[in-house]
Amino acid sequence: MKNTMGRARSRRMSLAATALAVAAVGCLSPVATVGSASAAAPGIVRAAEEPTYFAPLVDANTTWRYLATGVDPSPTGDRNAWTQPDFDDAAWSTGLGGFGAKWDGGAESAAYDSGMNARTVLPMRPGGGDNIPTYFFRTSFDVTAEQLATGEDIRFDGYVDDAAVVFVNGQEVHRHLVEETTPNVAYDDGFGGDLEFTIPASAFRAGKNTIAVRLHQDRASSSDIWFSLDHLGGELPPPPPGPDVAAPSRVILTPTERPATSQSFTWLAGAPDVTRGTVQLRIGDGPVRSVAGAGQGTAVNQANPHFSATVGGLQSATEYTYRVGNTDAWSEWKSFTTADPDAEEFEYVYYGDAQIGLDSTWPNVVKLAQEKAPDSIGSVHAGDLINTSSKDTEWSNWFLGMEEAAATTNIFAAPGNHEYSGDKLLQSWKAHFEYPDNHPNASTIGDLAQRTVGDTDVARQYQAYFDHWSDFAHETVYFSDYQDVRFITINATTDSTFLKPEGLPSCSGEECPSNRASALWIEYQAAWLDHILGESPSKWNVVTFHQPVYSASAGRDEPHLRGPWVPVFQKHDIDLVQMGHDHVYARGFNNENRTEIDGVTDGPVYIVQNSGAKHYDLETDEKNVWTNNGATQVRKGEDFSSFAVVKVSGDQLHYKSYIAEHTATSTTDVPVGGVWDEFVVTKHEDGRKVVTEAGAPIPEFEDLTPAPEIVDQSPTSVRTKVGGTVTLSVEAKGEGDLSYQWQRTRTGQDAWSDIVNQDESTLVLEDVTANTGRFQYRVAVTSGTRTVHSVPTAVVVTDTSKPGKAATSVKIGATKVRAGQRPVVRVRPSESGTVRVTVRVGGRKLTRTVKVKAGRPVKVKLGKLHRRASGWAVVTVRLAPRGGQHLPSTSTKLVRVKR
């Protein structure tokens, strides 16, 4: 269950400050502290130098007056009049902090962020249009003369989103991301974050004091708003030490849905009568933040209660230190790092069943895994963590093996059938683990939800089952998005005890869901899987559960899982399917994903792992569930323990399974610590992927980007004078970014070369010379690996500095270009001489030179085109006038090749 009581913090103080506080007889009354280290019994965690708490003047339970109408409370005169103690705020609304809202689905939601739920929901868009720009808050409190006499500054610890100005008794004491010129009612750039500062004692007065806060949205379309003041107060002497209580144990980190900004903690209290628990965390030596935990009940045959807390508002990619417990006993300080949304590389560990050998094999397996993946972000566990859930010593041994890993990295665990052994309702599981509240419900199971519609016994029974399962699936069916990987966990066990809700409505007939509750439970999760995979924002998707869809050990088969789940895995091309249960090793693929290349497939990878000391025999080839159900085993083995390290790196997911322990009958001689199985999944940005065996070359992906299209371009011939300027341009469209490269070749040749530094859609030729006219110009337009070229443009240059040489022209008339035949080009020269006619189709060029007379048209036939010629033909005609009185000229024409 989640802690929704907002954000509370504690403060560090020096020993000198503690002494001063103790001496201050008139100081604020204490609420909590830690005791002396010398008074603690062995195993008790107390330290005098750790944080001391201060009784607040204002805290999370203070009632505020607030104005949330978008109207300025001081529209004329002094715009800060509303901050004065004597301002009349009787007409304002009242509420408890934190104040906030999240715009979700067209309405305000209290769920601002993981672990941060508003107790007073602020209206955001009451008119259905833009956000309210500014909110105003006021509250009053009393300060005694004795309190002021201590001279201690007052600490303000809160959280705002987006920007704020704080006033005490009408005077501004702090401005957070708000410009001086910003009006009372206006948007102002800002962002969510802690608001921590000190206020001089001189700002306060003996008697009644008023604190006021002006909270600004950063824009009209912002999706959230928040204000909370968790602590306003000063130093305190410590209270008497509490009773001796053993330190908390079984401390475990579990992921939230958004692990970049939030984290869940669970722990076992040190005594049966512990009634409260707290998480304290900090960045480096910074201020300590405290968040109250919620009771999780007790595990079977364990008298001490469990507590959990989910902390939101964390900074991504940041290392925190933390501890859990209360002022009577704390755990040791441990550290964890929040996810980094910008990181492309991380690794995690995948374990199969631990179950047997929890006090012998299991610790060694975990130790070796930590050596192979010292920087892992956590581990996934495919069920059967223990053998009998009602035996608390087994849980204790599992945590002893995982002690450091569980307290410093995230644990993504799935329940197996042995988690139900002696504990049919998973009491111990739910006490030990805290997972995201994104399990199946009516809005995430697609068309299945329609079965609850109607006033019939069948519909009522479906409703009862789905309501019960939505509650029971909590902490057994969930997902977490960690750095571009969606980790999904589902519950493959179909024990009838937990499947049947209390007070199930009566129903008779074949259509009643009670006739097929086990099958329906699996379909219920399949519908949820289809939903969350369809909307997954992550590049990689992996799923973990216990009983395999493709069993590998002798005598086992799970067709009730394979039928509903495999089609969903195949439809969404999930990357890894991580399973356990069979106490052997197996890995393979669905035959739909076989390719023509040996050692290469292109779909989900199905894996069965075993990490404990319990071993079964492999199934015979004749009864192999894989081959008998459209799948292929690539690797299999028995009588050894293993684990896998999965490294995610950009476009690749690299899987390595290591041998952790042998038995005398192991089917492999790979040494302990050696790689037993290995493959690589490579994924293109568009979702295409290949799975390659270790050592196999990774095939290149064909570029499916369509070639760009040239929409408009310069004519095939332009004229200018020596010293003039010519501008050539092209307009193109295509998918993604387009790049340009201008090229030139001598007229009549096909040897194009790039023009240096000319990589825009426009080419400007300045100070043209006669030499410019000896070339043709075009541009190469590229999208991805696809390139097209514009039709060449000839530049005709007239040299006016040479009198006596007149310009000429040559016109291209009707032209016939047909595949397999001789092209015919009709030309008309302005002067007598010779014309050279060139027809270029693709990489082939035909040329012929003929004599011409001034003003007389002539038909020029060239050689035969190839019978498969297609596309466009570029026709170029160059006139070389007879004598020396005229300049040569060139014309170009683009003609479609007919078939």
# chains A, B, ... in the order shown; residues from 1 in each chain; ligands from 1
$ residues_around --residues "Gly192 of chain A" --least-positions-apart "6" --cutoff "7 Å" --atoms "only C-alpha atoms" --output "ChimeraX atom specification"
/A:160-162
$ write_last_selection --atoms "N, CA, C and O atoms" --output "mmCIF file, in the first residue's frame"
data_model
loop_
_atom_site.group_PDB
_atom_site.id
_atom_site.type_symbol
_atom_site.label_atom_id
_atom_site.label_comp_id
_atom_site.auth_asym_id
_atom_site.auth_seq_id
_atom_site.Cartn_x
_atom_site.Cartn_y
_atom_site.Cartn_z
ATOM 1 N N VAL A 160 7.322 23.010 -4.571
ATOM 2 C CA VAL A 160 6.433 23.793 -5.431
ATOM 3 C C VAL A 160 6.597 23.351 -6.885
ATOM 4 O O VAL A 160 7.652 22.896 -7.299
ATOM 5 N N ASP A 161 5.551 23.535 -7.613
ATOM 6 C CA ASP A 161 5.551 23.297 -9.053
ATOM 7 C C ASP A 161 4.482 24.235 -9.631
ATOM 8 O O ASP A 161 3.294 24.002 -9.424
ATOM 9 N N ASP A 162 4.848 25.453 -10.254
ATOM 10 C CA ASP A 162 6.149 25.629 -10.866
ATOM 11 C C ASP A 162 6.995 26.725 -10.174
ATOM 12 O O ASP A 162 8.192 26.565 -10.013
#
$ residues_around --residues "His381 of chain A" --least-positions-apart "2" --cutoff "10 Å" --atoms "only C-alpha atoms" --output "JSON, numbers by chain"
{"A": [349, 350, 351, 352, 353, 354, 379, 383, 384, 385, 411, 412, 413, 414, 415, 416, 489, 544, 545, 546, 578, 579, 580, 609, 611]}
$ select_by_dssp --residues "segment 704-876 of chain A" --states "strand (DSSP E)" --output "PyMOL selection string"
chain A and resi 709-713+717-721+726-733+739-746+753-754+762-765+775-783+786-789+793-798+810-816+824-829+833-841+844-852+858-861+872-876
$ residues_around --residues "Gln463 of chain A" --least-positions-apart "3" --cutoff "8 Å" --atoms "only C-alpha atoms" --output "ChimeraX atom specification"
/A:451-452,459-460,466-467
$ residues_around --residues "Gly313 of chain A" --least-positions-apart "6" --cutoff "8 Å" --atoms "only C-alpha atoms" --output "PyMOL selection string"
chain A and resi 113-116+193+261-262
$ residues_around --residues "Leu504 of chain A" --least-positions-apart "4" --cutoff "10 Å" --atoms "only C-alpha atoms" --output "JSON, numbers by chain"
{"A": [460, 461, 462, 463, 464, 465, 468, 500, 514]}
$ residues_around --residues "Lys614 of chain A" --least-positions-apart "6" --cutoff "12 Å" --atoms "only C-alpha atoms" --output "number ranges by chain"
A: 352-358, 361-362, 384, 386-387, 580-584, 638-642, 661-663
$ decode --residues "segment 95-129 of chain A" --atoms "N, CA, C and O atoms" --output "compact mmCIF listing (two decimals), in the first residue's frame"
# COMPACT_ATOMS: atom_id res chain seq x y z
N GLY A 95 -8.30 24.25 3.21
CA GLY A 95 -7.86 22.89 2.90
C GLY A 95 -6.52 22.59 3.55
O GLY A 95 -5.81 23.47 4.02
N LEU A 96 -6.18 21.30 3.56
CA LEU A 96 -4.91 20.82 4.10
C LEU A 96 -3.90 20.65 2.97
O LEU A 96 -4.24 20.28 1.86
N GLY A 97 -2.61 20.92 3.26
CA GLY A 97 -1.57 20.60 2.27
C GLY A 97 -1.32 19.11 2.25
O GLY A 97 -1.65 18.41 3.20
N GLY A 98 -0.70 18.55 1.13
CA GLY A 98 -0.36 19.30 -0.03
C GLY A 98 -1.51 19.61 -0.98
O GLY A 98 -2.40 18.81 -1.19
N PHE A 99 -1.36 20.77 -1.57
CA PHE A 99 -2.29 21.24 -2.59
C PHE A 99 -1.73 20.86 -3.95
O PHE A 99 -0.54 21.09 -4.23
N GLY A 100 -2.54 20.32 -4.83
CA GLY A 100 -2.01 19.98 -6.14
C GLY A 100 -3.03 19.32 -7.02
O GLY A 100 -4.19 19.09 -6.63
N ALA A 101 -2.60 19.00 -8.23
CA ALA A 101 -3.46 18.30 -9.18
C ALA A 101 -2.61 17.86 -10.37
O ALA A 101 -1.56 18.44 -10.65
N LYS A 102 -3.09 16.85 -11.05
CA LYS A 102 -2.52 16.37 -12.30
C LYS A 102 -3.65 16.33 -13.32
O LYS A 102 -4.70 15.75 -13.06
N TRP A 103 -3.44 17.00 -14.47
CA TRP A 103 -4.48 16.99 -15.51
C TRP A 103 -4.39 15.66 -16.24
O TRP A 103 -3.41 15.36 -16.90
N ASP A 104 -5.42 14.81 -16.08
CA ASP A 104 -5.37 13.44 -16.58
C ASP A 104 -6.73 13.08 -17.15
O ASP A 104 -7.72 13.04 -16.43
N GLY A 105 -6.76 12.83 -18.46
CA GLY A 105 -8.00 12.41 -19.09
C GLY A 105 -9.09 13.44 -19.08
O GLY A 105 -10.28 13.11 -19.01
N GLY A 106 -8.72 14.72 -19.13
CA GLY A 106 -9.71 15.78 -19.19
C GLY A 106 -10.24 16.23 -17.84
O GLY A 106 -11.23 16.96 -17.78
N ALA A 107 -9.57 15.81 -16.74
CA ALA A 107 -10.02 16.21 -15.41
C ALA A 107 -8.83 16.25 -14.47
O ALA A 107 -7.79 15.67 -14.74
N GLU A 108 -9.03 16.94 -13.33
CA GLU A 108 -7.98 17.01 -12.32
C GLU A 108 -7.93 15.70 -11.54
O GLU A 108 -8.95 15.16 -11.13
N SER A 109 -6.71 15.20 -11.34
CA SER A 109 -6.49 14.00 -10.52
C SER A 109 -5.62 14.38 -9.33
O SER A 109 -4.75 15.25 -9.43
N ALA A 110 -5.83 13.70 -8.21
CA ALA A 110 -5.00 13.95 -7.02
C ALA A 110 -3.61 13.37 -7.16
O ALA A 110 -2.69 13.75 -6.43
N ALA A 111 -3.41 12.44 -8.10
CA ALA A 111 -2.13 11.72 -8.23
C ALA A 111 -1.12 12.58 -8.97
O ALA A 111 -0.90 12.43 -10.18
N TYR A 112 -0.49 13.49 -8.25
CA TYR A 112 0.51 14.38 -8.85
C TYR A 112 1.73 13.60 -9.33
O TYR A 112 2.25 13.80 -10.42
N ASP A 113 2.23 12.67 -8.50
CA ASP A 113 3.41 11.87 -8.84
C ASP A 113 3.40 10.67 -7.91
O ASP A 113 2.65 10.61 -6.94
N SER A 114 4.26 9.67 -8.20
CA SER A 114 4.35 8.51 -7.33
C SER A 114 4.68 8.95 -5.91
O SER A 114 5.67 9.63 -5.69
N GLY A 115 3.84 8.54 -4.95
CA GLY A 115 4.07 8.91 -3.57
C GLY A 115 3.66 10.32 -3.22
O GLY A 115 3.87 10.75 -2.09
N MET A 116 3.10 11.08 -4.16
CA MET A 116 2.68 12.46 -3.90
C MET A 116 1.25 12.63 -4.38
O MET A 116 1.01 12.92 -5.55
N ASN A 117 0.31 12.40 -3.49
CA ASN A 117 -1.11 12.56 -3.79
C ASN A 117 -1.63 13.79 -3.05
O ASN A 117 -1.40 13.95 -1.84
N ALA A 118 -2.32 14.65 -3.76
CA ALA A 118 -2.83 15.88 -3.16
C ALA A 118 -3.95 15.55 -2.18
O ALA A 118 -4.87 14.80 -2.50
N ARG A 119 -3.88 16.16 -0.99
CA ARG A 119 -5.00 16.04 -0.06
C ARG A 119 -6.06 17.09 -0.36
O ARG A 119 -7.23 16.90 -0.04
N THR A 120 -5.64 18.20 -0.95
CA THR A 120 -6.59 19.20 -1.46
C THR A 120 -6.32 19.37 -2.94
O THR A 120 -5.25 19.83 -3.34
N VAL A 121 -7.27 18.95 -3.77
CA VAL A 121 -7.10 19.00 -5.21
C VAL A 121 -7.44 20.39 -5.72
O VAL A 121 -8.55 20.89 -5.48
N LEU A 122 -6.50 21.03 -6.40
CA LEU A 122 -6.72 22.37 -6.93
C LEU A 122 -7.40 22.30 -8.29
O LEU A 122 -7.04 21.45 -9.12
N PRO A 123 -8.36 23.19 -8.55
CA PRO A 123 -8.93 23.25 -9.90
C PRO A 123 -7.87 23.80 -10.86
O PRO A 123 -7.13 24.72 -10.52
N MET A 124 -7.78 23.22 -12.05
CA MET A 124 -6.78 23.67 -13.03
C MET A 124 -7.41 24.40 -14.21
O MET A 124 -7.00 25.48 -14.58
N ARG A 125 -8.41 23.78 -14.81
CA ARG A 125 -9.05 24.37 -16.00
C ARG A 125 -10.57 24.35 -15.82
O ARG A 125 -11.28 23.63 -16.52
N PRO A 126 -11.07 25.14 -14.88
CA PRO A 126 -12.52 25.08 -14.58
C PRO A 126 -13.39 25.44 -15.77
O PRO A 126 -14.53 25.00 -15.86
N GLY A 127 -12.88 26.26 -16.68
CA GLY A 127 -13.67 26.62 -17.85
C GLY A 127 -13.40 25.74 -19.04
O GLY A 127 -13.94 25.97 -20.13
N GLY A 128 -12.56 24.74 -18.87
CA GLY A 128 -12.24 23.84 -19.96
C GLY A 128 -11.21 24.37 -20.92
O GLY A 128 -10.92 23.73 -21.93
N GLY A 129 -10.64 25.55 -20.64
CA GLY A 129 -9.66 26.14 -21.55
C GLY A 129 -8.27 26.12 -20.97
O GLY A 129 -7.71 25.05 -20.70
